[in-house]
Each structure stands twice: as structure tokens, then as C-alpha cells.
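**Q** Pasting target-v8.cif below, which is mmCIF, C-alpha atoms and all ligand atoms.
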```
data_upload
loop_
_atom_site.label_atom_id
_atom_site.label_comp_id
_atom_site.auth_asym_id
_atom_site.auth_seq_id
_atom_site.Cartn_x
_atom_site.Cartn_y
_atom_site.Cartn_z
CA MET P 27 1.29 9.01 22.06
CA LYS P 28 0.23 10.65 18.82
CA LYS P 29 -2.48 9.09 16.70
CA ARG P 30 -1.37 7.41 13.48
CA LEU P 31 -2.39 9.19 10.28
CA PHE P 32 -2.29 7.54 6.86
CA SER P 33 -3.06 8.79 3.39
CA GLY P 34 -2.38 7.74 -0.18
CA ILE P 35 -0.95 9.75 -3.06
CA GLN P 36 -1.74 8.72 -6.63
CA PRO P 37 1.36 8.73 -8.88
CA SER P 38 -0.60 10.44 -11.62
CA GLY P 39 2.18 12.63 -13.01
CA GLU P 40 2.34 16.33 -12.31
CA VAL P 41 1.01 17.60 -9.01
CA HIS P 42 -1.26 20.62 -9.55
CA ILE P 43 -2.49 23.47 -7.38
CA GLY P 44 -5.76 21.62 -6.85
CA ASN P 45 -3.82 18.85 -5.08
CA TYR P 46 -1.76 21.46 -3.26
CA LEU P 47 -4.65 23.56 -1.96
CA GLY P 48 -7.07 20.68 -1.47
CA ALA P 49 -4.80 18.06 0.05
CA ILE P 50 -1.12 18.80 0.62
CA LYS P 51 -1.63 22.02 2.61
CA ASN P 52 -4.06 20.19 4.86
CA TRP P 53 -1.58 17.35 5.41
CA ILE P 54 1.16 19.84 6.30
CA SER P 55 -1.06 21.34 9.00
CA LEU P 56 -1.46 17.87 10.55
CA LEU P 57 2.22 16.84 10.57
CA ASP P 58 2.87 17.94 14.15
CA ASP P 59 -0.26 16.51 15.71
CA TYR P 60 -0.16 13.05 14.16
CA ASP P 61 2.31 10.30 13.45
CA CYS P 62 2.05 10.58 9.65
CA ILE P 63 2.62 8.02 6.91
CA PHE P 64 2.04 8.83 3.23
CA SER P 65 2.13 6.17 0.56
CA ILE P 66 2.56 6.59 -3.17
CA VAL P 67 -0.02 4.06 -4.23
CA ASP P 68 1.33 2.45 -7.39
CA TYR P 69 -0.66 -0.77 -6.87
CA HIS P 70 -3.81 1.35 -6.99
CA ALA P 71 -2.60 3.16 -10.10
CA ILE P 72 -2.27 -0.04 -12.15
CA THR P 73 -6.00 -0.82 -11.88
CA VAL P 74 -6.53 1.46 -14.89
CA GLU P 75 -4.59 1.66 -18.17
CA TYR P 76 -1.09 3.09 -17.72
CA SER P 77 2.33 3.03 -19.35
CA PRO P 78 4.93 0.95 -17.49
CA GLY P 79 7.68 3.08 -19.07
CA VAL P 80 6.66 6.25 -17.24
CA MET P 81 5.62 4.77 -13.90
CA GLN P 82 8.98 5.31 -12.15
CA GLU P 83 9.17 8.88 -13.38
CA ARG P 84 5.67 9.52 -12.05
CA ILE P 85 6.51 8.06 -8.67
CA ILE P 86 9.64 10.23 -8.39
CA ASN P 87 7.71 13.31 -9.52
CA ALA P 88 4.93 12.68 -7.03
CA ALA P 89 7.40 12.16 -4.20
CA ALA P 90 9.60 15.12 -5.15
CA THR P 91 6.74 17.57 -5.53
CA ASN P 92 4.98 16.55 -2.35
CA ILE P 93 8.22 16.79 -0.39
CA ALA P 94 9.03 20.15 -1.95
CA ALA P 95 5.53 21.44 -1.18
CA GLY P 96 6.02 20.73 2.50
CA LEU P 97 5.81 17.03 3.32
CA ASP P 98 9.06 17.31 5.21
CA THR P 99 10.48 13.79 5.54
CA ASP P 100 11.93 14.62 8.95
CA ARG P 101 8.36 14.91 10.16
CA CYS P 102 6.65 12.10 8.26
CA ILE P 103 7.25 8.89 6.34
CA ILE P 104 6.80 8.73 2.57
CA PHE P 105 7.15 5.40 0.81
CA VAL P 106 6.04 3.46 -2.27
CA GLN P 107 3.21 1.00 -1.66
CA SER P 108 4.61 -1.84 -3.80
CA GLN P 109 7.83 -1.81 -1.76
CA VAL P 110 5.92 -3.21 1.20
CA PRO P 111 4.48 -6.60 0.15
CA GLU P 112 2.27 -6.83 3.25
CA HIS P 113 -0.20 -4.42 1.58
CA THR P 114 -1.28 -7.09 -0.86
CA GLU P 115 -1.02 -9.82 1.73
CA LEU P 116 -3.43 -8.06 4.08
CA THR P 117 -5.69 -7.27 1.12
CA TRP P 118 -6.16 -11.00 0.57
CA VAL P 119 -7.15 -11.55 4.16
CA LEU P 120 -9.57 -8.61 4.14
CA ASN P 121 -11.07 -9.83 0.85
CA THR P 122 -12.46 -12.78 2.77
CA LEU P 123 -14.34 -10.38 5.07
CA THR P 124 -15.74 -8.13 2.34
CA PRO P 125 -19.11 -8.87 0.74
CA MET P 126 -19.17 -8.45 -3.07
CA GLY P 127 -22.39 -6.46 -2.73
CA ILE P 128 -20.71 -3.65 -0.79
CA LEU P 129 -17.99 -3.25 -3.42
CA GLU P 130 -20.60 -3.19 -6.17
CA ARG P 131 -22.12 -0.13 -4.55
CA MET P 132 -18.89 1.91 -4.49
CA THR P 133 -19.43 5.10 -6.46
CA GLN P 134 -15.81 5.32 -7.62
CA PHE P 135 -15.93 1.76 -8.94
CA LYS P 136 -19.12 2.47 -10.86
CA ASP P 137 -17.63 5.66 -12.34
CA LYS P 138 -14.33 4.08 -13.26
CA ALA P 139 -15.99 0.99 -14.68
CA GLN P 140 -18.02 3.25 -16.93
CA GLN P 141 -14.90 5.12 -18.07
CA ASN P 142 -12.90 1.91 -18.60
CA GLU P 143 -15.52 -0.32 -20.16
CA LYS P 144 -12.92 -2.48 -21.88
CA ASN P 145 -10.91 -3.09 -18.74
CA ILE P 146 -13.20 -3.68 -15.76
CA ASN P 147 -10.68 -5.85 -13.94
CA VAL P 148 -10.89 -7.52 -10.54
CA GLY P 149 -8.26 -5.10 -9.21
CA LEU P 150 -10.47 -2.14 -9.99
CA PHE P 151 -13.30 -3.86 -8.13
CA ASP P 152 -11.03 -4.68 -5.19
CA TYR P 153 -9.45 -1.21 -5.05
CA PRO P 154 -11.26 -0.16 -1.83
CA VAL P 155 -10.07 -3.31 -0.03
CA LEU P 156 -6.44 -2.56 -0.94
CA GLN P 157 -7.08 0.97 0.36
CA THR P 158 -8.43 -0.50 3.60
CA ALA P 159 -5.34 -2.70 3.91
CA ASP P 160 -3.14 0.39 3.41
CA ILE P 161 -4.70 2.01 6.44
CA LEU P 162 -5.15 -0.99 8.73
CA LEU P 163 -1.63 -2.30 8.16
CA TYR P 164 -0.38 0.70 10.16
CA LYS P 165 -3.42 0.75 12.46
CA GLY P 166 -4.23 4.15 10.98
CA GLN P 167 -6.76 6.17 12.98
CA ALA P 168 -6.96 9.37 10.96
CA VAL P 169 -7.24 9.50 7.19
CA PRO P 170 -7.27 12.90 5.47
CA VAL P 171 -9.07 12.57 2.14
CA GLY P 172 -11.29 14.45 -0.26
CA GLU P 173 -15.08 14.11 -0.35
CA ASP P 174 -14.87 11.45 -3.07
CA GLN P 175 -13.00 9.04 -0.78
CA VAL P 176 -15.30 9.18 2.25
CA GLN P 177 -17.26 6.14 1.10
CA HIS P 178 -14.03 4.14 0.96
CA ILE P 179 -13.08 5.13 4.50
CA GLU P 180 -16.54 4.15 5.72
CA LEU P 181 -15.94 0.77 4.14
CA SER P 182 -12.58 0.50 5.91
CA ARG P 183 -14.35 1.04 9.23
CA GLU P 184 -16.80 -1.72 8.40
CA ILE P 185 -14.03 -4.14 7.46
CA ALA P 186 -12.03 -3.27 10.60
CA ARG P 187 -15.11 -3.91 12.73
CA LYS P 188 -15.72 -7.23 10.99
CA PHE P 189 -12.18 -8.38 11.58
CA ASN P 190 -12.28 -7.36 15.23
CA THR P 191 -15.59 -9.16 15.82
CA ARG P 192 -14.61 -12.30 13.98
CA TYR P 193 -10.98 -12.73 15.07
CA GLY P 194 -10.36 -10.43 18.04
CA GLU P 195 -9.77 -6.74 18.71
CA LEU P 196 -6.84 -5.54 16.60
CA PHE P 197 -7.68 -2.60 14.34
CA PRO P 198 -8.88 0.89 15.33
CA GLU P 199 -11.75 2.13 13.14
CA PRO P 200 -10.21 4.75 10.83
CA GLN P 201 -11.82 8.20 10.84
CA HIS P 202 -11.69 10.43 7.79
CA ILE P 203 -10.57 14.04 8.04
CA LEU P 204 -12.06 16.28 5.37
CA SER P 205 -9.88 19.15 4.26
CA ASN P 206 -11.61 22.52 4.67
CA ALA P 207 -10.59 23.71 1.22
CA PRO P 208 -13.60 23.20 -1.03
CA ARG P 209 -12.83 21.37 -4.23
CA ILE P 210 -10.67 23.50 -6.45
CA MET P 211 -12.18 24.14 -9.86
CA GLY P 212 -10.03 24.08 -12.99
CA LEU P 213 -9.24 27.04 -15.21
CA ASP P 214 -12.34 26.25 -17.28
CA GLY P 215 -14.36 27.25 -14.21
CA LYS P 216 -16.63 24.25 -14.73
CA ASN P 217 -14.83 21.05 -13.78
CA LYS P 218 -12.77 20.02 -10.80
CA MET P 219 -9.10 20.77 -11.46
CA SER P 220 -7.50 17.62 -12.86
CA LYS P 221 -4.78 16.33 -15.09
CA SER P 222 -7.22 14.60 -17.40
CA MET P 223 -9.36 17.71 -17.97
CA ASN P 224 -6.21 19.69 -18.83
CA ASN P 225 -7.51 22.63 -16.80
CA TYR P 226 -4.73 22.78 -14.24
CA ILE P 227 -1.65 24.72 -13.16
CA SER P 228 1.07 22.39 -11.97
CA LEU P 229 3.40 23.05 -9.06
CA ILE P 230 6.40 23.07 -11.40
CA GLU P 231 4.90 25.44 -13.96
CA LYS P 232 7.28 28.20 -15.09
CA PRO P 233 6.15 31.78 -14.26
CA ASP P 234 5.39 32.62 -17.89
CA ALA P 235 3.42 29.40 -18.26
CA ILE P 236 1.37 30.29 -15.18
CA TRP P 237 0.56 33.64 -16.76
CA LYS P 238 -0.26 32.05 -20.11
CA LYS P 239 -2.68 29.60 -18.52
CA LEU P 240 -4.28 32.21 -16.26
CA SER P 241 -4.74 34.64 -19.11
CA ARG P 242 -7.06 32.10 -20.74
CA ALA P 243 -8.89 31.18 -17.52
CA VAL P 244 -12.66 31.61 -17.48
CA THR P 245 -13.97 34.47 -15.29
CA ASP P 246 -17.52 35.76 -14.68
CA GLU P 247 -19.02 34.89 -18.04
CA ASN P 248 -21.63 37.63 -17.81
CA ARG P 249 -18.87 40.20 -17.95
CA LYS P 250 -18.55 40.55 -21.70
CA ARG P 251 -16.68 43.83 -22.01
CA ARG P 252 -14.04 45.62 -19.99
CA ASP P 253 -16.58 48.27 -18.95
CA ASP P 254 -19.15 45.78 -17.64
CA PRO P 255 -19.18 45.42 -13.84
CA GLY P 256 -18.16 41.90 -12.75
CA ASN P 257 -19.35 39.60 -10.01
CA PRO P 258 -16.52 38.04 -7.97
CA ASP P 259 -18.98 35.68 -6.28
CA ILE P 260 -19.29 33.64 -9.46
CA CYS P 261 -15.74 34.14 -10.75
CA ASN P 262 -13.33 31.22 -10.41
CA VAL P 263 -10.31 33.50 -10.80
CA TYR P 264 -11.50 35.45 -7.76
CA THR P 265 -11.89 32.17 -5.88
CA LEU P 266 -8.27 31.33 -6.67
CA HIS P 267 -7.26 34.78 -5.39
CA LYS P 268 -8.57 33.71 -1.97
CA TYR P 269 -5.75 31.19 -1.72
CA PHE P 270 -2.90 33.34 -2.96
CA SER P 271 -3.70 36.98 -2.18
CA THR P 272 -3.89 39.00 1.03
CA ASP P 273 -7.18 40.08 2.63
CA SER P 274 -6.64 43.70 1.66
CA GLU P 275 -5.92 42.73 -1.95
CA LEU P 276 -9.06 40.61 -1.99
CA ASP P 277 -11.11 43.47 -0.64
CA ARG P 278 -9.79 45.89 -3.21
CA ILE P 279 -10.22 43.50 -6.15
CA ASN P 280 -13.73 42.65 -5.04
CA LYS P 281 -14.77 46.33 -5.02
CA GLN P 282 -12.91 47.33 -8.16
CA CYS P 283 -14.28 44.37 -10.12
CA ARG P 284 -17.88 45.21 -9.16
CA SER P 285 -17.38 48.83 -10.21
CA ALA P 286 -15.45 47.90 -13.37
CA GLU P 287 -12.46 49.88 -12.14
CA ILE P 288 -10.25 46.92 -12.99
CA GLY P 289 -10.66 44.44 -15.80
CA CYS P 290 -10.13 40.69 -15.75
CA VAL P 291 -6.66 41.04 -17.24
CA ASP P 292 -5.52 43.29 -14.38
CA CYS P 293 -7.08 40.97 -11.86
CA LYS P 294 -5.33 37.96 -13.40
CA LYS P 295 -2.00 39.78 -13.42
CA ILE P 296 -2.17 40.26 -9.67
CA LEU P 297 -3.13 36.61 -9.18
CA SER P 298 -0.33 35.45 -11.43
CA GLU P 299 2.26 37.46 -9.49
CA ASN P 300 1.05 36.18 -6.14
CA MET P 301 0.88 32.61 -7.38
CA VAL P 302 4.42 32.78 -8.75
CA LYS P 303 5.62 34.19 -5.41
CA GLU P 304 4.21 31.22 -3.50
CA LEU P 305 4.98 28.50 -6.05
CA GLU P 306 8.46 29.52 -7.14
CA PRO P 307 10.27 28.06 -4.09
CA ILE P 308 8.26 24.85 -4.46
CA ARG P 309 9.12 24.64 -8.14
CA GLU P 310 12.82 25.16 -7.48
CA LYS P 311 12.93 22.55 -4.72
CA SER P 312 10.91 20.08 -6.83
CA LEU P 313 13.22 20.43 -9.81
CA GLU P 314 16.25 20.07 -7.59
CA LEU P 315 14.83 16.75 -6.32
CA ILE P 316 13.58 15.55 -9.70
CA ASN P 317 17.04 16.16 -11.14
CA ASN P 318 18.53 14.08 -8.36
CA PRO P 319 16.26 11.01 -8.40
CA VAL P 320 18.78 8.91 -6.50
CA SER P 321 18.32 11.06 -3.40
CA VAL P 322 14.53 10.77 -3.72
CA MET P 323 14.84 7.00 -4.07
CA ASP P 324 17.03 6.87 -0.96
CA THR P 325 14.34 8.73 0.96
CA LEU P 326 11.64 6.40 -0.35
CA ASN P 327 13.72 3.31 0.45
CA ALA P 328 14.27 4.52 3.99
CA GLY P 329 10.53 5.11 4.33
CA ALA P 330 9.73 1.63 3.03
CA GLU P 331 12.18 0.11 5.48
CA LYS P 332 10.38 1.70 8.45
CA CYS P 333 7.00 0.67 7.06
CA ARG P 334 8.02 -2.94 6.48
CA LYS P 335 8.85 -3.22 10.17
CA ILE P 336 5.40 -2.02 11.23
CA ALA P 337 3.69 -4.04 8.51
CA LYS P 338 5.44 -7.27 9.49
CA GLU P 339 4.31 -6.88 13.09
CA THR P 340 0.70 -6.28 12.11
CA MET P 341 0.69 -9.25 9.73
CA SER P 342 2.05 -11.54 12.39
CA GLU P 343 -0.72 -10.41 14.77
CA VAL P 344 -3.27 -10.96 11.99
CA ARG P 345 -1.99 -14.46 11.22
CA SER P 346 -1.89 -15.47 14.82
CA LEU P 347 -5.46 -14.27 15.53
CA MET P 348 -6.67 -16.11 12.43
CA GLY P 349 -5.05 -19.40 13.30
CA LEU P 350 -2.65 -19.25 10.37
CA ARG P 351 1.03 -20.14 10.74
N1 LIG U 401 -7.90 6.13 -3.25
C1 LIG U 401 -7.20 7.31 -2.81
C2 LIG U 401 -7.42 8.42 -3.86
O1 LIG U 401 -7.67 8.13 -4.99
C3 LIG U 401 -5.74 7.06 -2.64
C4 LIG U 401 -5.47 6.11 -1.52
C5 LIG U 401 -4.96 4.85 -1.61
C6 LIG U 401 -5.68 6.35 -0.14
N2 LIG U 401 -4.83 4.29 -0.40
C7 LIG U 401 -5.27 5.18 0.53
C8 LIG U 401 -6.20 7.44 0.58
C9 LIG U 401 -5.38 5.06 1.91
C10 LIG U 401 -6.29 7.31 1.96
C11 LIG U 401 -5.89 6.14 2.61
O2 LIG U 401 -7.28 9.57 -3.54
#
```
I need this file expressed as C-alpha cells, please.
**A**
Amino acid sequence: MKKRLFSGIQPSGEVHIGNYLGAIKNWISLLDDYDCIFSIVDYHAITVEYSPGVMQERIINAAATNIAAGLDTDRCIIFVQSQVPEHTELTWVLNTLTPMGILERMTQFKDKAQQNEKNINVGLFDYPVLQTADILLYKGQAVPVGEDQVQHIELSREIARKFNTRYGELFPEPQHILSNAPRIMGLDGKNKMSKSMNNYISLIEKPDAIWKKLSRAVTDENRKRRDDPGNPDICNVYTLHKYFSTDSELDRINKQCRSAEIGCVDCKKILSENMVKELEPIREKSLELINNPVSVMDTLNAGAEKCRKIAKETMSEVRSLMGLR
């Protein structure tokens, strides 16, 4: 039997190439080896300020783009967290096993609390326990995440262990899988690519918009003029080439940049073309799905149905071990 894999997708609006290269591509490579469940985590998303009016659109966009990018729903389940009430039910149970002190030490909580000083709510504090419930509800064993989530997965192991010791063996201890793509930097070359930094290229960007954004992207800042030799080792545009261009192109660009045979504009033109080639089918498929939200909702409903079945079973085991019912 295949191991169960679980991961969460934030419904944060447009999916960008940082998500694609850093997370989605890694998930796709795991689809055959694991029994995969992906959840669009709307209950996590509401722990910070958001607009209720755009939530559904964001959920559909997140689902559509991830499916279009390769999360083939014949090979995995995708569903919306709030459609399976057992997530919050298990969270309550796990809350009683989680010391406040551990949650106070969570780096993401400290960061987010600092950014949301006016809204440090209990949900934000409890976020990692909801995340643990997400995984344990399906007895998830493998959890592909970025570096910033490793602390949360460690916590989920601790909570699983605590439950098993206190009430009886039920949950496997989830292991994180780190993607081998290093974090993708934004077009500013300084910050991680993200929606909020506005330094991203989205998966549904039109070809001319990709070019427009790339043409302003920061390169090797020591290369002031066209005739200066450049250094690909410290150029973020060159780093992006590694994901979209062939080895022989990389080789050539590397040499010609160092000898100032090509300028940054030429280099970006090649990147733009290659990026468009890879992203265009994803964009088309995404738009097709986004324009037909009913079909996306059907897919999500079917996913939730399957998950509710698994979740119900786990909750009944939990209740019985705990002497509830
Ligand atoms: N907290 C994760 C993030 O921000 C998203 C998430 C929610 C998740 N539940 C999860 C990831 C369960 C892995 C497993 O990226």
C-alpha cells in the first residue's frame, strides 16, 4: 500500500512561478509514489484579514491553477478544508494535548503577530494545531512543504506522539519532505517571490505581461553598462533560466554574459520565450477551468466527499479511544 501524503494550499489569489517551481512541480513528481490529498486551506486563510467577497474566487483560482499545472485529479484528491467539518473537530481534541508554550515559540506565529498587531486572534495562535489536524485526520505520513513549515510539521509529530501515548496508538508521525528547489526569489532579486511583495510572475500571466515584468527584473547589479561583463552567479534572471532553459542554452548564456557578448535584454528575451513556452499550456488550461467554475466546484465537491469518509472514520476512532460517545 502506498503511503498517504497530505499538503495544504493557501487560497491566496494568483498562483505564481515561485509556487510552481518550489511546490507544485515537487508534488507532481510524488503523485505516483504516494496516495495524495491536497487541501485548499480556507480555515487557515481566515486567521488574517481577508475579504469574504473574494474568497470563493480565490479558492476556485487556486484549485484551477494547481490542477492546470499538473495536479491531475485522476491521480490525487483536491478539496476545500471547510467542506470537511472534522478538521475543526479534531483541532479541538488536539488543542487539549498542545501546551501553550510550544505555540508561543512558533516562528510563523511570531512573524504574523508582528505583521497583524491589531488582530492577534486565537485562530492565528492555534494555526499549527489546525495544520496538525489536517494531516492526522488522514493519517498522513508524508508532508511536502517549504522550509518555513518544517517547524509546524515537527509540532505535528509531537502532538501525534502525545495522542498515541495518552490514548493509544492511532496516528503515524508525519515526516516532512523538502522540495529540492531552493526558494525562488522575486523579480526584485532580493525577496522571496510572493504576492504581497508584488515581485512575481503568475501562472496565468499573458506573454506580453511576462516580457514586461521580466524586462524590469533586477540582474547582476554590478553590470552597469551593456559592455560590462556580467556575473551569472549573482544574477537572479540567470537563476530563473535554470528552470526554463536547456543545458546548452544555459552554458551559452553563462559564457556570453561573462564576456559581455550578450546584454541583459537579450538574456531576458530568451528567458521570456522559454517561460512562455512552458507556461502557455498551463495558462490556457487554467483559464478554461476558471471560466467554468461549476466544473471546478464539482471536482472539489467530489474530493470533499471522499475526504469526509476518511475523516469520519478517524474521528470515530479518536472518540472511542478517548472515551467519548
Ligand atoms: N501552513 C501551510 C502553508 O502556509 C499550509 C498548510 C495548511 C499545510 N495545512 C497544511 C501544509 C497541512 C502541509 C500540511 O504553507
**Q** If you count only C-alpha atoms and all ligand atoms, which residues end up within 10 Å of ligand LIG 401 (chain U), as a PyMOL selection string?
**A** chain P and resi 31-38+49+63-71+107+134+153-162+166+168-176+178-179+182+200+202
**Q** Give me the residues near segment 135-146 of chain P as a PyMOL selection string, where near means some atom within 12 Å (using all atoms listed in the file) and where sequence neighbours in that chain fewer than 3 positions away do not count.
**A** chain P and resi 72-76+128-132+149-155+174-175+177-178
**Q** Using C-alpha atoms, can you export the residues from the last selection as a tab-separated table (two decimals), keeping the file's coordinate frame?
**A**
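And here is the file that came out, selection_24.tsv:
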```
chain	number	residue	atom	x	y	z
P	72	ILE	CA	-2.27	-0.04	-12.15
P	73	THR	CA	-6.00	-0.82	-11.88
P	74	VAL	CA	-6.53	1.46	-14.89
P	75	GLU	CA	-4.59	1.66	-18.17
P	76	TYR	CA	-1.09	3.09	-17.72
P	128	ILE	CA	-20.71	-3.65	-0.79
P	129	LEU	CA	-17.99	-3.25	-3.42
P	130	GLU	CA	-20.60	-3.19	-6.17
P	131	ARG	CA	-22.12	-0.13	-4.55
P	132	MET	CA	-18.89	1.91	-4.49
P	149	GLY	CA	-8.26	-5.10	-9.21
P	150	LEU	CA	-10.47	-2.14	-9.99
P	151	PHE	CA	-13.30	-3.86	-8.13
P	152	ASP	CA	-11.03	-4.68	-5.19
P	153	TYR	CA	-9.45	-1.21	-5.05
P	154	PRO	CA	-11.26	-0.16	-1.83
P	155	VAL	CA	-10.07	-3.31	-0.03
P	174	ASP	CA	-14.87	11.45	-3.07
P	175	GLN	CA	-13.00	9.04	-0.78
P	177	GLN	CA	-17.26	6.14	1.10
P	178	HIS	CA	-14.03	4.14	0.96
```
**Q** Which residues are near Phe189 of chain P? Cut-off 12 Å, only C-alpha atoms, ignore same chain within fewer than 3 positions. Put them as a PyMOL selection string.
**A** chain P and resi 116+119-124+158-159+162+182-186+192-199+344-345+347-348
**Q** Can you tell me how far atom CA of Asp254 of chain P sits from atom CA of Ala286 of chain P, in Å to one decimal?
**A**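 Straight-line distance from atom CA of Asp254 of chain P to atom CA of Ala286 of chain P works out to 6.0 Å.
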**Q** Taking only C-alpha atoms into account, which of P:Ile203, P:Met81, P:Val244, P:Cys333 comes nearest Val110 of chain P?
**A**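 Smallest separation from Val110 of chain P among the options: P:Cys333.
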**Q** For atom CA of Val106 of chain P and atom CA of Met27 of chain P, quote the distance in Å rounded to one decimal.
**A**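 According to the coordinates, atom CA of Val106 of chain P and atom CA of Met27 of chain P are separated by 25.4 Å.
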**Q** Which polymer residues have any atom within 8 Å of an atom of Met211 of chain P, counting all atoms listed in the file, with same-chain residues fewer than 6 positions away left out, as a PyMOL selection string?
**A** chain P and resi 44+217-219+262
**Q** Mind giving me the straight-line distance from atom CA of Pro258 of chain P to atom CA of Asn300 of chain P in Å, one decimal?
**A**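 Taking atom CA of Pro258 of chain P as the start and atom CA of Asn300 of chain P as the end point, the length is 17.8 Å.
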**Q** Under the rule that all atoms listed in the file are counted, which of P:Pro111, P:Gly48, P:Pro208, P:Gly127 is the nearest residue to Leu163 of chain P?
**A**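 Among the listed residues, the smallest separation from Leu163 of chain P belongs to P:Pro111.
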**Q** Let me make sure I understand: among P:Leu305, P:Ser205, P:Asp61, P:Ser285, which one has the smallest atom-to-atom distance to His42 of chain P if we use only C-alpha atoms?
**A**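 Among P:Leu305, P:Ser205, P:Asp61, P:Ser285, it is P:Leu305 that comes nearest to His42 of chain P.
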**Q** Just checking: using all atoms listed in the file, which residue out of P:Lys232, P:Arg284, P:Lys216, P:Lys29 ends up closest to Glu306 of chain P?
**A** P:Lys232
**Q** Of the candidates P:Thr91, P:Gln82, P:Thr117, P:Ser220, which shows the shortest atom-to-atom distance to Ile308 of chain P, using only C-alpha atoms?
**A**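 Closest candidate: P:Thr91.
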**Q** Taking all atoms listed in the file into account, which of P:Ser228, P:Ser55, P:Thr272, P:Asn87 comes nearest Asn317 of chain P?
**A**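 Counting all atoms listed in the file, the residue closest to Asn317 of chain P is P:Asn87.
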**Q** Some atoms are absent from segment 103-111 of chain P, so rebuild all heavy atoms and return them as an mmCIF file, in the frame of the given file.
**A**
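Written out: part03.cif:
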```cif
data_model
loop_
_atom_site.group_PDB
_atom_site.id
_atom_site.type_symbol
_atom_site.label_atom_id
_atom_site.label_comp_id
_atom_site.auth_asym_id
_atom_site.auth_seq_id
_atom_site.Cartn_x
_atom_site.Cartn_y
_atom_site.Cartn_z
ATOM 1 N N ILE P 103 6.679 9.932 7.194
ATOM 2 C CA ILE P 103 7.250 8.890 6.340
ATOM 3 C C ILE P 103 6.573 8.958 4.972
ATOM 4 O O ILE P 103 5.346 9.077 4.894
ATOM 5 C CB ILE P 103 7.008 7.485 6.935
ATOM 6 C CG1 ILE P 103 7.690 7.361 8.299
ATOM 7 C CG2 ILE P 103 7.504 6.394 5.981
ATOM 8 C CD1 ILE P 103 7.435 6.016 8.982
ATOM 9 N N ILE P 104 7.363 8.897 3.911
ATOM 10 C CA ILE P 104 6.800 8.730 2.570
ATOM 11 C C ILE P 104 7.429 7.481 1.965
ATOM 12 O O ILE P 104 8.650 7.294 2.053
ATOM 13 C CB ILE P 104 7.111 9.934 1.655
ATOM 14 C CG1 ILE P 104 6.554 11.216 2.253
ATOM 15 C CG2 ILE P 104 6.512 9.714 0.265
ATOM 16 C CD1 ILE P 104 6.732 12.428 1.361
ATOM 17 N N PHE P 105 6.598 6.623 1.389
ATOM 18 C CA PHE P 105 7.150 5.400 0.810
ATOM 19 C C PHE P 105 6.271 4.948 -0.353
ATOM 20 O O PHE P 105 5.164 5.456 -0.554
ATOM 21 C CB PHE P 105 7.225 4.287 1.867
ATOM 22 C CG PHE P 105 5.894 3.662 2.165
ATOM 23 C CD1 PHE P 105 5.574 2.402 1.665
ATOM 24 C CD2 PHE P 105 4.942 4.338 2.905
ATOM 25 C CE1 PHE P 105 4.334 1.833 1.926
ATOM 26 C CE2 PHE P 105 3.695 3.776 3.166
ATOM 27 C CZ PHE P 105 3.397 2.520 2.677
ATOM 28 N N VAL P 106 6.777 3.988 -1.128
ATOM 29 C CA VAL P 106 6.040 3.460 -2.270
ATOM 30 C C VAL P 106 5.353 2.157 -1.867
ATOM 31 O O VAL P 106 5.996 1.227 -1.378
ATOM 32 C CB VAL P 106 6.983 3.236 -3.477
ATOM 33 C CG1 VAL P 106 6.207 2.670 -4.657
ATOM 34 C CG2 VAL P 106 7.672 4.541 -3.859
ATOM 35 N N GLN P 107 4.056 2.121 -2.087
ATOM 36 C CA GLN P 107 3.210 1.000 -1.660
ATOM 37 C C GLN P 107 3.775 -0.373 -2.063
ATOM 38 O O GLN P 107 3.848 -1.293 -1.257
ATOM 39 C CB GLN P 107 1.827 1.207 -2.276
ATOM 40 C CG GLN P 107 0.742 0.243 -1.876
ATOM 41 C CD GLN P 107 -0.509 0.540 -2.697
ATOM 42 O OE1 GLN P 107 -0.430 0.911 -3.869
ATOM 43 N NE2 GLN P 107 -1.667 0.396 -2.082
ATOM 44 N N SER P 108 4.197 -0.518 -3.323
ATOM 45 C CA SER P 108 4.610 -1.840 -3.800
ATOM 46 C C SER P 108 5.935 -2.300 -3.176
ATOM 47 O O SER P 108 6.356 -3.436 -3.359
ATOM 48 C CB SER P 108 4.721 -1.859 -5.325
ATOM 49 O OG SER P 108 5.782 -1.041 -5.753
ATOM 50 N N GLN P 109 6.595 -1.402 -2.443
ATOM 51 C CA GLN P 109 7.830 -1.810 -1.760
ATOM 52 C C GLN P 109 7.559 -2.496 -0.419
ATOM 53 O O GLN P 109 8.493 -2.924 0.255
ATOM 54 C CB GLN P 109 8.748 -0.600 -1.540
ATOM 55 C CG GLN P 109 9.553 -0.223 -2.773
ATOM 56 C CD GLN P 109 10.652 0.771 -2.425
ATOM 57 O OE1 GLN P 109 10.403 1.956 -2.293
ATOM 58 N NE2 GLN P 109 11.866 0.278 -2.264
ATOM 59 N N VAL P 110 6.281 -2.536 -0.043
ATOM 60 C CA VAL P 110 5.920 -3.210 1.200
ATOM 61 C C VAL P 110 4.886 -4.291 0.873
ATOM 62 O O VAL P 110 3.697 -4.029 0.786
ATOM 63 C CB VAL P 110 5.362 -2.204 2.248
ATOM 64 C CG1 VAL P 110 5.033 -2.905 3.561
ATOM 65 C CG2 VAL P 110 6.348 -1.067 2.481
ATOM 66 N N PRO P 111 5.358 -5.544 0.664
ATOM 67 C CA PRO P 111 4.480 -6.600 0.150
ATOM 68 C C PRO P 111 3.278 -6.897 1.044
ATOM 69 O O PRO P 111 2.277 -7.433 0.573
ATOM 70 C CB PRO P 111 5.399 -7.828 0.070
ATOM 71 C CG PRO P 111 6.754 -7.390 0.476
ATOM 72 C CD PRO P 111 6.741 -5.971 0.854
#
```
